[in-house]
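Structure file run31.txt with compact mmCIF, C-alpha atoms:
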# COMPACT_ATOMS: atom_id res chain seq x y z
CA MET Z 10 3.04 -10.44 19.21
CA LYS Z 11 0.21 -12.80 20.13
CA PRO Z 12 -0.27 -15.81 17.83
CA VAL Z 13 -3.10 -15.25 15.39
CA SER Z 14 -4.86 -18.36 16.70
CA THR Z 15 -5.30 -16.68 20.11
CA HIS Z 16 -7.22 -13.72 18.67
CA PRO Z 17 -10.89 -14.14 19.63
CA SER Z 18 -13.52 -14.58 16.95
CA ALA Z 19 -15.40 -11.47 15.86
CA ASP Z 20 -18.59 -13.46 15.30
CA GLY Z 21 -21.64 -11.78 16.78
CA LEU Z 22 -23.69 -8.62 16.54
CA TRP Z 23 -21.73 -5.37 16.67
CA THR Z 24 -24.00 -2.53 17.76
CA GLY Z 25 -23.73 1.08 18.85
CA LEU Z 26 -21.67 1.97 15.76
CA ARG Z 27 -21.64 5.09 13.63
CA ARG Z 28 -20.55 4.61 10.05
CA ALA Z 29 -18.21 7.27 8.71
CA SER Z 30 -20.55 7.66 5.75
CA ALA Z 31 -23.55 8.21 8.05
CA PRO Z 32 -22.25 9.15 11.54
CA GLU Z 33 -25.69 10.10 12.82
CA GLU Z 34 -26.95 6.55 12.36
CA ASP Z 35 -27.06 3.89 15.10
CA ALA Z 36 -25.59 1.11 12.99
CA ALA Z 37 -25.01 -2.60 13.47
CA ILE Z 38 -22.88 -5.27 11.80
CA ALA Z 39 -23.72 -8.97 11.96
CA VAL Z 40 -20.75 -11.36 11.63
CA THR Z 41 -20.84 -15.14 11.46
CA GLN Z 42 -18.00 -17.51 10.54
CA GLY Z 43 -15.74 -14.52 10.05
CA THR Z 44 -17.95 -13.05 7.33
CA ILE Z 45 -20.17 -9.97 7.36
CA ARG Z 46 -23.76 -11.12 6.93
CA TRP Z 47 -25.64 -7.84 7.37
CA VAL Z 48 -24.92 -4.14 7.95
CA GLY Z 49 -27.32 -1.25 8.42
CA ALA Z 50 -29.34 0.79 10.86
CA ARG Z 51 -29.94 -1.06 14.14
CA SER Z 52 -33.65 -0.33 13.81
CA ALA Z 53 -33.77 -2.37 10.59
CA LEU Z 54 -31.92 -5.42 11.97
CA PRO Z 55 -33.43 -8.67 10.64
CA ALA Z 56 -34.76 -10.95 13.36
CA GLU Z 57 -32.43 -13.77 12.34
CA PHE Z 58 -29.43 -11.84 13.68
CA ALA Z 59 -30.97 -10.53 16.90
CA GLY Z 60 -29.74 -13.50 18.95
CA LEU Z 61 -26.07 -13.26 18.01
CA ALA Z 62 -23.52 -12.69 20.77
CA PRO Z 63 -23.35 -8.94 21.46
CA HIS Z 64 -20.36 -6.68 20.88
CA ALA Z 65 -21.01 -3.16 22.13
CA GLY Z 66 -19.49 -0.46 19.93
CA GLY Z 67 -20.01 2.31 22.44
CA GLY Z 68 -20.77 4.93 19.80
CA ALA Z 69 -17.47 4.43 17.96
CA LEU Z 70 -17.03 5.46 14.36
CA VAL Z 71 -16.54 2.38 12.19
CA THR Z 72 -14.70 2.16 8.88
CA PRO Z 73 -13.54 -0.67 6.69
CA GLY Z 74 -10.12 -1.98 7.59
CA LEU Z 75 -7.53 0.33 6.08
CA VAL Z 76 -5.50 -0.79 3.06
CA ASP Z 77 -1.88 0.31 2.54
CA CYS Z 78 -1.57 -0.33 -1.18
CA HIS Z 79 2.06 0.68 -1.87
CA THR Z 80 4.92 -0.25 0.46
CA HIS Z 81 8.50 -1.48 0.30
CA LEU Z 82 8.34 -2.87 3.84
CA VAL Z 83 11.03 -5.56 3.60
CA TYR Z 84 14.60 -4.27 3.34
CA GLY Z 85 17.90 -4.14 5.18
CA GLY Z 86 19.46 -1.09 6.80
CA GLN Z 87 18.21 2.48 6.64
CA ARG Z 88 19.17 5.67 4.81
CA ALA Z 89 19.00 8.54 7.28
CA ASN Z 90 22.31 9.82 5.92
CA GLU Z 91 20.72 10.40 2.51
CA PHE Z 92 17.92 12.33 4.14
CA ALA Z 93 20.60 14.60 5.59
CA MET Z 94 22.21 14.90 2.13
CA ARG Z 95 18.96 16.09 0.62
CA LEU Z 96 18.50 18.59 3.44
CA ALA Z 97 21.93 19.93 2.50
CA GLY Z 98 20.78 20.43 -1.08
CA ALA Z 99 21.43 17.17 -2.95
CA THR Z 100 18.71 16.12 -5.40
CA TYR Z 101 17.18 12.63 -5.63
CA GLU Z 102 19.18 11.99 -8.80
CA GLU Z 103 22.43 13.32 -7.30
CA VAL Z 104 22.07 10.97 -4.33
CA ALA Z 105 21.55 8.04 -6.71
CA LYS Z 106 24.53 8.96 -8.88
CA ALA Z 107 26.72 9.19 -5.76
CA GLY Z 108 26.09 5.50 -5.03
CA GLY Z 109 23.22 6.05 -2.64
CA GLY Z 110 19.55 5.62 -3.26
CA ILE Z 111 18.03 2.25 -4.03
CA VAL Z 112 21.40 0.56 -4.61
CA SER Z 113 22.51 1.28 -1.04
CA SER Z 114 19.44 -0.56 0.24
CA VAL Z 115 20.24 -3.39 -2.16
CA ARG Z 116 23.62 -3.86 -0.49
CA ALA Z 117 22.09 -3.97 2.99
CA THR Z 118 19.27 -6.29 1.93
CA ARG Z 119 21.62 -8.75 0.26
CA GLU Z 120 23.75 -8.86 3.42
CA ALA Z 121 20.77 -9.66 5.70
CA ASP Z 122 19.39 -13.15 6.10
CA GLU Z 123 15.69 -13.95 5.92
CA ASP Z 124 15.15 -14.04 9.69
CA THR Z 125 16.82 -10.66 10.13
CA LEU Z 126 14.66 -9.13 7.42
CA PHE Z 127 11.57 -10.69 9.00
CA ALA Z 128 12.40 -9.26 12.44
CA GLN Z 129 13.04 -5.79 11.06
CA ALA Z 130 9.93 -5.77 8.87
CA SER Z 131 7.79 -7.12 11.73
CA ALA Z 132 8.52 -4.05 13.83
CA ARG Z 133 7.43 -1.81 10.96
CA LEU Z 134 4.33 -3.85 10.20
CA GLU Z 135 3.19 -3.72 13.82
CA GLN Z 136 3.13 0.07 13.67
CA LEU Z 137 1.00 0.04 10.53
CA LEU Z 138 -1.37 -2.53 12.01
CA ALA Z 139 -1.80 -0.26 15.04
CA ASP Z 140 -3.18 2.32 12.60
CA GLY Z 141 -5.97 -0.03 11.52
CA VAL Z 142 -4.33 -1.56 8.43
CA CYS Z 143 -5.99 -4.85 7.46
CA ALA Z 144 -4.39 -5.37 4.04
CA ILE Z 145 -1.01 -4.31 2.74
CA GLU Z 146 1.06 -4.55 -0.40
CA ILE Z 147 4.75 -5.42 0.02
CA LYS Z 148 7.11 -5.02 -2.93
CA SER Z 149 10.44 -6.65 -3.56
CA GLY Z 150 13.04 -4.63 -5.45
CA TYR Z 151 15.93 -4.41 -2.98
CA GLY Z 152 17.42 -7.78 -3.93
CA LEU Z 153 17.79 -7.39 -7.70
CA SER Z 154 18.86 -11.01 -8.11
CA LEU Z 155 16.80 -14.16 -8.06
CA ALA Z 156 18.00 -15.34 -4.63
CA HIS Z 157 17.56 -12.00 -2.91
CA GLU Z 158 14.25 -11.07 -4.55
CA ARG Z 159 13.01 -14.50 -3.46
CA LYS Z 160 14.19 -13.75 0.08
CA GLN Z 161 12.20 -10.51 0.22
CA LEU Z 162 9.04 -12.09 -1.14
CA ARG Z 163 9.29 -15.05 1.23
CA VAL Z 164 9.51 -12.65 4.16
CA ALA Z 165 6.44 -10.81 2.89
CA ARG Z 166 4.47 -14.06 2.80
CA ARG Z 167 5.69 -14.94 6.32
CA LEU Z 168 4.49 -11.59 7.62
CA GLY Z 169 0.97 -12.23 6.37
CA GLU Z 170 0.85 -15.64 7.99
CA ALA Z 171 2.36 -14.52 11.29
CA TYR Z 172 0.14 -11.48 11.76
CA GLY Z 173 -3.12 -12.64 10.19
CA VAL Z 174 -3.13 -9.74 7.74
CA THR Z 175 -3.76 -9.84 4.00
CA VAL Z 176 -0.45 -9.32 2.20
CA ARG Z 177 -0.24 -8.81 -1.56
CA THR Z 178 3.25 -9.35 -2.89
CA THR Z 179 4.54 -7.35 -5.84
CA PHE Z 180 7.66 -8.30 -7.79
CA LEU Z 181 9.70 -5.15 -8.43
CA GLY Z 182 12.82 -6.68 -9.90
CA ALA Z 183 12.92 -3.73 -12.31
CA HIS Z 184 13.43 -1.21 -9.50
CA ALA Z 185 17.02 -0.22 -10.25
CA LEU Z 186 19.99 -1.52 -12.17
CA PRO Z 187 22.17 -3.66 -9.87
CA PRO Z 188 25.85 -2.67 -9.74
CA GLU Z 189 26.99 -5.86 -11.44
CA TYR Z 190 24.90 -4.90 -14.49
CA ALA Z 191 26.19 -1.33 -14.83
CA GLY Z 192 25.81 -0.24 -18.45
CA ARG Z 193 23.90 -3.44 -19.31
CA SER Z 194 20.27 -2.63 -18.57
CA ALA Z 195 18.96 -4.61 -21.55
CA GLU Z 196 20.73 -7.71 -20.32
CA TYR Z 197 19.35 -7.22 -16.81
CA ILE Z 198 15.78 -6.75 -18.04
CA ASP Z 199 16.12 -9.95 -20.05
CA ARG Z 200 17.09 -11.72 -16.86
CA VAL Z 201 14.17 -10.17 -14.97
CA CYS Z 202 11.73 -11.36 -17.63
CA ASN Z 203 13.17 -14.74 -18.51
CA GLU Z 204 14.63 -16.02 -15.24
CA MET Z 205 13.57 -14.14 -12.13
CA LEU Z 206 9.89 -13.52 -12.76
CA PRO Z 207 9.02 -17.00 -14.09
CA ALA Z 208 10.82 -18.71 -11.21
CA LEU Z 209 9.24 -16.57 -8.49
CA ALA Z 210 5.79 -16.83 -10.04
CA ALA Z 211 6.13 -20.62 -10.20
CA GLU Z 212 6.89 -20.61 -6.47
CA GLY Z 213 3.65 -18.70 -5.76
CA LEU Z 214 5.48 -15.64 -4.48
CA VAL Z 215 4.13 -13.03 -6.89
CA ASP Z 216 0.67 -11.41 -6.92
CA ALA Z 217 1.53 -8.50 -9.23
CA VAL Z 218 4.46 -7.01 -11.15
CA ASP Z 219 5.77 -3.43 -10.92
CA VAL Z 220 8.46 -1.37 -12.69
CA PHE Z 221 10.16 1.93 -11.84
CA CYS Z 222 9.83 3.79 -15.15
CA GLU Z 223 11.98 6.90 -14.90
CA ARG Z 224 15.15 8.54 -16.27
CA ILE Z 225 17.23 7.07 -13.44
CA ALA Z 226 15.59 3.66 -13.74
CA PHE Z 227 14.01 1.93 -16.77
CA SER Z 228 12.75 3.10 -20.14
CA LEU Z 229 9.30 2.73 -21.69
CA ALA Z 230 10.55 -0.09 -23.91
CA GLU Z 231 12.06 -1.96 -20.95
CA THR Z 232 8.89 -1.40 -18.94
CA GLU Z 233 6.75 -2.85 -21.70
CA GLN Z 234 9.04 -5.87 -21.96
CA VAL Z 235 8.41 -6.60 -18.27
CA PHE Z 236 4.68 -6.04 -18.68
CA LYS Z 237 4.53 -8.54 -21.54
CA ALA Z 238 6.38 -11.11 -19.43
CA ALA Z 239 3.89 -10.57 -16.61
CA LYS Z 240 0.94 -10.91 -18.98
CA ALA Z 241 2.33 -14.20 -20.29
CA LEU Z 242 2.23 -15.50 -16.72
CA GLY Z 243 -1.27 -14.15 -16.04
CA LEU Z 244 -0.06 -11.54 -13.55
CA PRO Z 245 -1.47 -8.01 -13.23
CA VAL Z 246 0.85 -5.02 -13.51
CA LYS Z 247 1.40 -1.74 -11.68
CA LEU Z 248 3.80 1.14 -12.32
CA HIS Z 249 5.93 3.70 -10.53
CA ALA Z 250 4.99 6.40 -13.02
CA GLU Z 251 5.70 10.09 -13.67
CA GLN Z 252 7.33 10.75 -10.29
CA LEU Z 253 10.26 12.85 -11.49
CA SER Z 254 9.26 13.59 -15.09
CA ASP Z 255 6.59 12.82 -17.66
CA MET Z 256 7.84 9.62 -19.27
CA GLY Z 257 4.46 8.57 -20.66
CA GLY Z 258 4.53 5.55 -18.40
CA ALA Z 259 0.98 5.94 -17.13
CA ALA Z 260 -0.47 5.73 -20.62
CA LEU Z 261 1.65 2.65 -21.32
CA ALA Z 262 0.56 1.02 -18.07
CA ALA Z 263 -3.09 1.80 -18.77
CA ARG Z 264 -2.80 0.14 -22.20
CA HIS Z 265 -1.71 -2.98 -20.35
CA GLY Z 266 -4.68 -2.77 -17.96
CA ALA Z 267 -2.58 -1.78 -14.95
CA LEU Z 268 -4.16 -1.99 -11.53
CA SER Z 269 -2.54 1.32 -10.58
CA CYS Z 270 -0.09 4.04 -11.47
CA ASP Z 271 1.70 5.39 -8.42
CA HIS Z 272 3.35 8.74 -7.57
CA ILE Z 273 2.14 10.52 -10.79
CA GLU Z 274 3.22 14.05 -9.83
CA HIS Z 275 4.02 14.75 -13.51
CA LEU Z 276 1.03 12.89 -14.97
CA SER Z 277 -0.19 14.35 -18.27
CA ALA Z 278 -3.72 14.86 -19.54
CA GLU Z 279 -3.13 11.96 -21.95
CA GLY Z 280 -2.10 9.75 -19.07
CA ILE Z 281 -5.19 10.69 -17.09
CA GLU Z 282 -7.47 9.88 -20.01
CA ALA Z 283 -5.76 6.53 -20.57
CA MET Z 284 -6.15 5.66 -16.89
CA ARG Z 285 -9.81 6.67 -16.96
CA ARG Z 286 -10.52 4.41 -19.90
CA ALA Z 287 -8.65 1.48 -18.35
CA GLY Z 288 -10.07 1.89 -14.84
CA THR Z 289 -6.54 2.24 -13.47
CA VAL Z 290 -6.26 3.65 -9.94
CA ALA Z 291 -4.09 6.72 -9.25
CA VAL Z 292 -2.08 6.05 -6.08
CA LEU Z 293 -1.04 9.24 -4.29
CA LEU Z 294 2.05 9.06 -2.10
CA PRO Z 295 2.22 12.22 0.01
CA GLY Z 296 4.95 10.83 2.27
CA ALA Z 297 7.45 10.77 -0.60
CA TYR Z 298 6.29 14.18 -1.81
CA TYR Z 299 6.86 15.57 1.69
CA THR Z 300 10.19 13.85 2.35
CA LEU Z 301 11.63 14.93 -1.00
CA ARG Z 302 10.28 18.46 -0.44
CA ASP Z 303 8.67 18.26 -3.84
CA THR Z 304 6.73 21.24 -5.16
CA HIS Z 305 5.14 19.71 -8.27
CA LEU Z 306 1.68 18.60 -7.14
CA PRO Z 307 -0.11 15.65 -8.69
CA PRO Z 308 -2.95 16.82 -10.98
CA ILE Z 309 -5.66 16.26 -8.37
CA ASP Z 310 -8.31 18.47 -9.95
CA ALA Z 311 -7.87 16.83 -13.34
CA LEU Z 312 -8.01 13.33 -11.83
CA ARG Z 313 -11.13 14.31 -9.91
CA ALA Z 314 -12.78 15.78 -12.99
CA ALA Z 315 -12.00 12.65 -15.01
CA GLY Z 316 -13.38 10.37 -12.32
CA VAL Z 317 -10.11 8.48 -11.88
CA PRO Z 318 -10.19 6.80 -8.43
CA MET Z 319 -7.47 8.12 -6.12
CA ALA Z 320 -5.88 5.88 -3.49
CA VAL Z 321 -3.54 7.05 -0.72
CA SER Z 322 -0.64 5.03 0.68
CA THR Z 323 2.44 5.36 2.88
CA ASP Z 324 4.96 4.26 0.22
CA HIS Z 325 6.97 3.08 3.22
CA ASN Z 326 10.57 2.75 2.09
CA PRO Z 327 13.98 3.53 3.59
CA GLY Z 328 14.95 6.33 1.23
CA THR Z 329 12.09 8.65 0.34
CA SER Z 330 9.14 7.86 2.60
CA PRO Z 331 10.06 6.27 5.95
CA ALA Z 332 6.41 6.68 6.99
CA LEU Z 333 4.76 4.18 9.32
CA SER Z 334 1.34 5.77 9.75
CA LEU Z 335 -1.44 5.56 7.19
CA LEU Z 336 -3.45 7.97 9.33
CA LEU Z 337 -0.70 10.55 8.90
CA MET Z 338 -0.97 10.03 5.14
CA ILE Z 339 -4.67 10.91 5.34
CA ASN Z 340 -3.70 14.22 6.92
CA MET Z 341 -0.97 14.83 4.34
CA ALA Z 342 -3.25 13.93 1.43
CA CYS Z 343 -5.71 16.54 2.63
CA THR Z 344 -3.25 19.27 3.61
CA LEU Z 345 -0.69 18.86 0.82
CA PHE Z 346 -2.83 17.54 -2.04
CA ARG Z 347 -6.15 19.15 -1.03
CA LEU Z 348 -8.19 15.95 -1.00
CA THR Z 349 -11.48 16.19 0.84
CA VAL Z 350 -11.92 14.03 3.93
CA PRO Z 351 -14.31 11.61 2.14
CA GLU Z 352 -11.83 11.34 -0.74
CA ALA Z 353 -8.97 10.57 1.64
CA LEU Z 354 -10.99 7.94 3.50
CA ASP Z 355 -11.99 6.30 0.22
CA GLY Z 356 -8.32 6.52 -0.71
CA VAL Z 357 -7.23 4.26 2.13
CA THR Z 358 -10.18 1.88 1.85
CA VAL Z 359 -12.20 1.20 -1.31
CA HIS Z 360 -9.79 2.68 -3.87
CA ALA Z 361 -6.70 1.26 -2.17
CA ALA Z 362 -8.31 -2.18 -2.24
CA ARG Z 363 -9.02 -1.78 -5.93
CA ALA Z 364 -5.39 -0.81 -6.54
CA LEU Z 365 -4.46 -4.27 -5.24
CA GLY Z 366 -7.25 -6.17 -6.96
CA LEU Z 367 -8.84 -6.79 -3.55
CA GLN Z 368 -12.11 -4.94 -4.10
CA ASP Z 369 -14.17 -8.09 -3.56
CA THR Z 370 -12.74 -8.74 -0.08
CA HIS Z 371 -11.45 -5.45 1.34
CA GLY Z 372 -12.14 -1.75 1.45
CA ALA Z 373 -15.84 -1.91 2.31
CA ILE Z 374 -18.23 -3.20 4.97
CA ALA Z 375 -20.73 -5.23 3.01
CA PRO Z 376 -22.55 -8.56 3.28
CA GLY Z 377 -20.52 -11.47 1.97
CA MET Z 378 -17.15 -9.81 2.58
CA PRO Z 379 -14.67 -11.02 5.20
CA ALA Z 380 -14.95 -9.11 8.47
CA ASN Z 381 -12.26 -6.44 8.24
CA PHE Z 382 -13.31 -3.28 10.03
CA VAL Z 383 -12.05 -0.79 12.60
CA LEU Z 384 -13.69 1.02 15.51
CA TRP Z 385 -12.34 4.51 16.26
CA ASN Z 386 -12.58 6.80 19.27
CA LEU Z 387 -13.65 9.70 17.07
CA ARG Z 388 -16.83 11.73 16.95
CA GLU Z 389 -16.83 12.81 13.30
CA PRO Z 390 -15.08 11.76 10.09
CA ALA Z 391 -13.20 15.08 9.77
CA GLU Z 392 -11.08 14.00 12.74
CA PHE Z 393 -9.31 11.41 10.58
CA ALA Z 394 -7.60 14.28 8.76
CA TYR Z 395 -7.65 16.81 11.61
CA TRP Z 396 -5.44 14.99 14.11
CA PHE Z 397 -1.89 13.89 13.46
CA GLY Z 398 0.13 12.05 16.06
CA GLN Z 399 -3.01 10.87 17.85
CA GLN Z 400 -3.83 7.16 18.06
CA PRO Z 401 -7.64 7.00 18.04
CA LEU Z 402 -7.96 3.30 17.29
CA ARG Z 403 -10.22 1.31 19.63
CA THR Z 404 -10.73 -2.12 18.04
CA VAL Z 405 -9.54 -3.88 14.89
CA VAL Z 406 -11.42 -6.80 13.38
CA ARG Z 407 -9.08 -8.42 10.88
CA GLN Z 408 -9.79 -11.60 8.90
CA GLY Z 409 -12.79 -12.31 11.11
CA ARG Z 410 -10.90 -12.05 14.40
CA ILE Z 411 -10.53 -9.32 17.00
CA ALA Z 412 -6.88 -8.51 16.37
CA ILE Z 413 -6.55 -5.39 18.52
CA GLY Z 414 -8.70 -4.06 21.37
CA ALA Z 415 -11.60 -5.35 23.38
CA SER Z 416 -14.58 -7.24 22.03
CA GLN Z 417 -17.14 -5.23 24.00
Same coordinates, now as structure tokens:
Amino acid sequence: MKPVSTHPSADGLWTGLRRASAPEEDAAIAVTQGTIRWVGARSALPAEFAGLAPHAGGGALVTPGLVDCHTHLVYGGQRANEFAMRLAGATYEEVAKAGGGIVSSVRATREADEDTLFAQASARLEQLLADGVCAIEIKSGYGLSLAHERKQLRVARRLGEAYGVTVRTTFLGAHALPPEYAGRSAEYIDRVCNEMLPALAAEGLVDAVDVFCERIAFSLAETEQVFKAAKALGLPVKLHAEQLSDMGGAALAARHGALSCDHIEHLSAEGIEAMRRAGTVAVLLPGAYYTLRDTHLPPIDALRAAGVPMAVSTDHNPGTSPALSLLLMINMACTLFRLTVPEALDGVTVHAARALGLQDTHGAIAPGMPANFVLWNLREPAEFAYWFGQQPLRTVVRQGRIAIGASQ
């Protein structure tokens, strides 16, 4: 890993580009002081930018930097054995009841020190960055105590600083019931709300708050208790909603102005309408759907008809989506969920940014926004979904610097 300070500036005039939204156009992007100042057809370039240092795009397709808006990147150990259990017929709930699932990752995460977690997460992050990711959400939720949740969130912050990538941290203390609180979920949620969340927020480690609302996790009432604690601290909320059953969590989250509801395979019409009214993003996680061999599709047509924005993410986690390629998720979103290519591309850019509250700085190539964009060795946008296993990335401009690839 090269230090961020050694990455060359992206300032200059980027020409010979083809925007995914208009691939026939000879486009240009003007960047000064790490900020996009102008974007459009080269023939319409204002004279004031003509003298900027040139960066030749060579006919590459250009997109905004990709945004991975739902990950659990920091954890100890791995759970390949549980994958084998599910292949042998065990259900998600049976694995959890047998002592596996989230709690097994909690044990491994608690045993690892901060430097070990950083080293392990760095290797994963580097693979995502090589797919053009310029912003990423990283959740806690494998510590389930103040000290260990703090450890996860500190590692997430370190990753952003070390790699020059935008990291949004999400506190997911209400991910599972820790073993020491067996049978005492109300007591644990009180501790999440009254001790863990206030302390971590005071330390500047929390950008948003999430809950796993499900039969094997936390109830609607417990979820709302966490949401109210987040609101009291001025923090936005998100929700793992309707993954295994229709709990009504999406409607609850929407009433609290949630940034996103994620998974949503069992989302109801009422939940969709609530999300539409609230402007809540639906985050689709095809990696988990695939790994769990699910057959209950998210209500894509209904979300589309309602105009609910749909984001796409890896949901990288050790148990149900050990995915380290956002490009592969584009393919899966199209093949498994029947998204169109433009929908999938919006899902990993503009809508994913909105799911993190980053719509003013990420997910688009527009004047006034930080320079976060990617050049691809592709001829047409359909290739983003067509190929899987290919690495078409040419150049990544991240936070105003050329993070990967050549400058011209």
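Among Z:Gln252, Z:Thr289, Z:Thr41, Z:Thr72, the residue with the shortest atom-to-atom distance to Pro351 in chain Z, counting all atoms listed in the file, is Z:Thr72.
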So that each row is one residue of range 293-405 of chain Z with an atom at most 6 Å from range 78-101 of chain Z, can you give its shortest atom pair and the distance in Å to one decimal, using only C-alpha atoms, rows by chain and rising number, as a Markdown table?
| residue | atom | partner | partner_atom | distance |
| --- | --- | --- | --- | --- |
| Z:Ser322 | CA | Z:His79 | CA | 5.7 |
| Z:Asp324 | CA | Z:Thr80 | CA | 4.5 |
| Z:His325 | CA | Z:Thr80 | CA | 4.8 |
| Z:Asn326 | CA | Z:His81 | CA | 5.0 |
| Z:Pro327 | CA | Z:Gln87 | CA | 5.3 |
| Z:Gly328 | CA | Z:Arg88 | CA | 5.6 |
| Z:Ala361 | CA | Z:Cys78 | CA | 5.5 |
Discussion item. Residues within 10 Å of range 161-166 of chain Z, please, as an MDAnalysis selection string. Count all atoms listed in the file; anything in the same chain fewer than 5 positions from it doesn't count.
Written reply: chainID Z and resid 81:85 118:119 122:128 130:131 145:152 156 171 175:180 209 212:215
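Nearest-residue note for Pro32 in chain Z: choosing from Z:Leu138, Z:Ala226, Z:Leu70, Z:Thr15, the minimum distance belongs to Z:Leu70, counting only C-alpha atoms.
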Per residue of range 268-361 of chain Z within 10 Å of range 394-403 of chain Z, what are the shortest atom pair and its distance in Å to one decimal, counting only C-alpha atoms, with rows by chain and residue number, as a tab-separated table?
residue	atom	partner	partner_atom	distance
Z:Ser334	CA	Z:Gly398	CA	9.0
Z:Leu336	CA	Z:Phe397	CA	7.4
Z:Leu337	CA	Z:Phe397	CA	5.8
Z:Met338	CA	Z:Ala394	CA	8.7
Z:Ile339	CA	Z:Ala394	CA	5.6
Z:Asn340	CA	Z:Ala394	CA	4.3
Z:Met341	CA	Z:Ala394	CA	8.0
Z:Ala342	CA	Z:Ala394	CA	8.5
Z:Cys343	CA	Z:Ala394	CA	6.8
Z:Thr344	CA	Z:Ala394	CA	8.4
Z:Leu348	CA	Z:Ala394	CA	9.9
Z:Thr349	CA	Z:Ala394	CA	9.0
Z:Val350	CA	Z:Ala394	CA	6.5
Z:Pro351	CA	Z:Ala394	CA	9.8
Z:Ala353	CA	Z:Ala394	CA	8.1
Z:Leu354	CA	Z:Ala394	CA	8.9
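Nearest to Ile281 in chain Z of all the residues Z:Asp303, Z:Asp255, Z:Glu120, Z:Glu189 is Z:Asp255, based on all atoms listed in the file.
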Polymer residues at most 9 Å from Gly182 in chain Z, only C-alpha atoms, same-chain spacing of 3 or more positions, as a CSV table (one decimal) with C-alpha atoms, in the coordinates of the input:
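Below you can see result_22.csv, which holds the result:
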chain,number,residue,atom,x,y,z
Z,149,SER,CA,10.4,-6.6,-3.6
Z,150,GLY,CA,13.0,-4.6,-5.4
Z,151,TYR,CA,15.9,-4.4,-3.0
Z,152,GLY,CA,17.4,-7.8,-3.9
Z,153,LEU,CA,17.8,-7.4,-7.7
Z,154,SER,CA,18.9,-11.0,-8.1
Z,155,LEU,CA,16.8,-14.2,-8.1
Z,158,GLU,CA,14.2,-11.1,-4.6
Z,185,ALA,CA,17.0,-0.2,-10.2
Z,198,ILE,CA,15.8,-6.8,-18.0
Z,201,VAL,CA,14.2,-10.2,-15.0
Z,205,MET,CA,13.6,-14.1,-12.1
Z,206,LEU,CA,9.9,-13.5,-12.8
Z,218,VAL,CA,4.5,-7.0,-11.2
Z,219,ASP,CA,5.8,-3.4,-10.9
Z,220,VAL,CA,8.5,-1.4,-12.7
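Distances to Val40 in chain Z were evaluated for Z:Arg27, Z:Ser14, Z:Ala375, Z:Ala262 using only C-alpha atoms, and the minimum falls at Z:Ala375.
Between CA of Pro245 in chain Z and CA of Leu276 in chain Z there is a distance of 21.1 Å.
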Item to complete: Please provide as a PyMOL selection string all residues within 10 Å of Tyr197 in chain Z, with the sequence filter that same-chain residues fewer than 2 positions apart are discarded (counting only C-alpha atoms).
Response: chain Z and resi 153-154+182-183+185-187+189-195+199-203+231
Worksheet item: Pick the closest to Ala415 in chain Z from Z:Leu137, Z:Ala65, Z:Val13, Z:Gly243: which is it, counting only C-alpha atoms?
Response: Z:Ala65
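Taking CA of Leu22 in chain Z and CA of Ala39 in chain Z as endpoints, the distance between them is 4.6 Å.
For the choices Z:Ala36, Z:Leu26, Z:Ala287, Z:Ala364, the atom-to-atom distance to Ala263 in chain Z is smallest for Z:Ala287 when using all atoms listed in the file.
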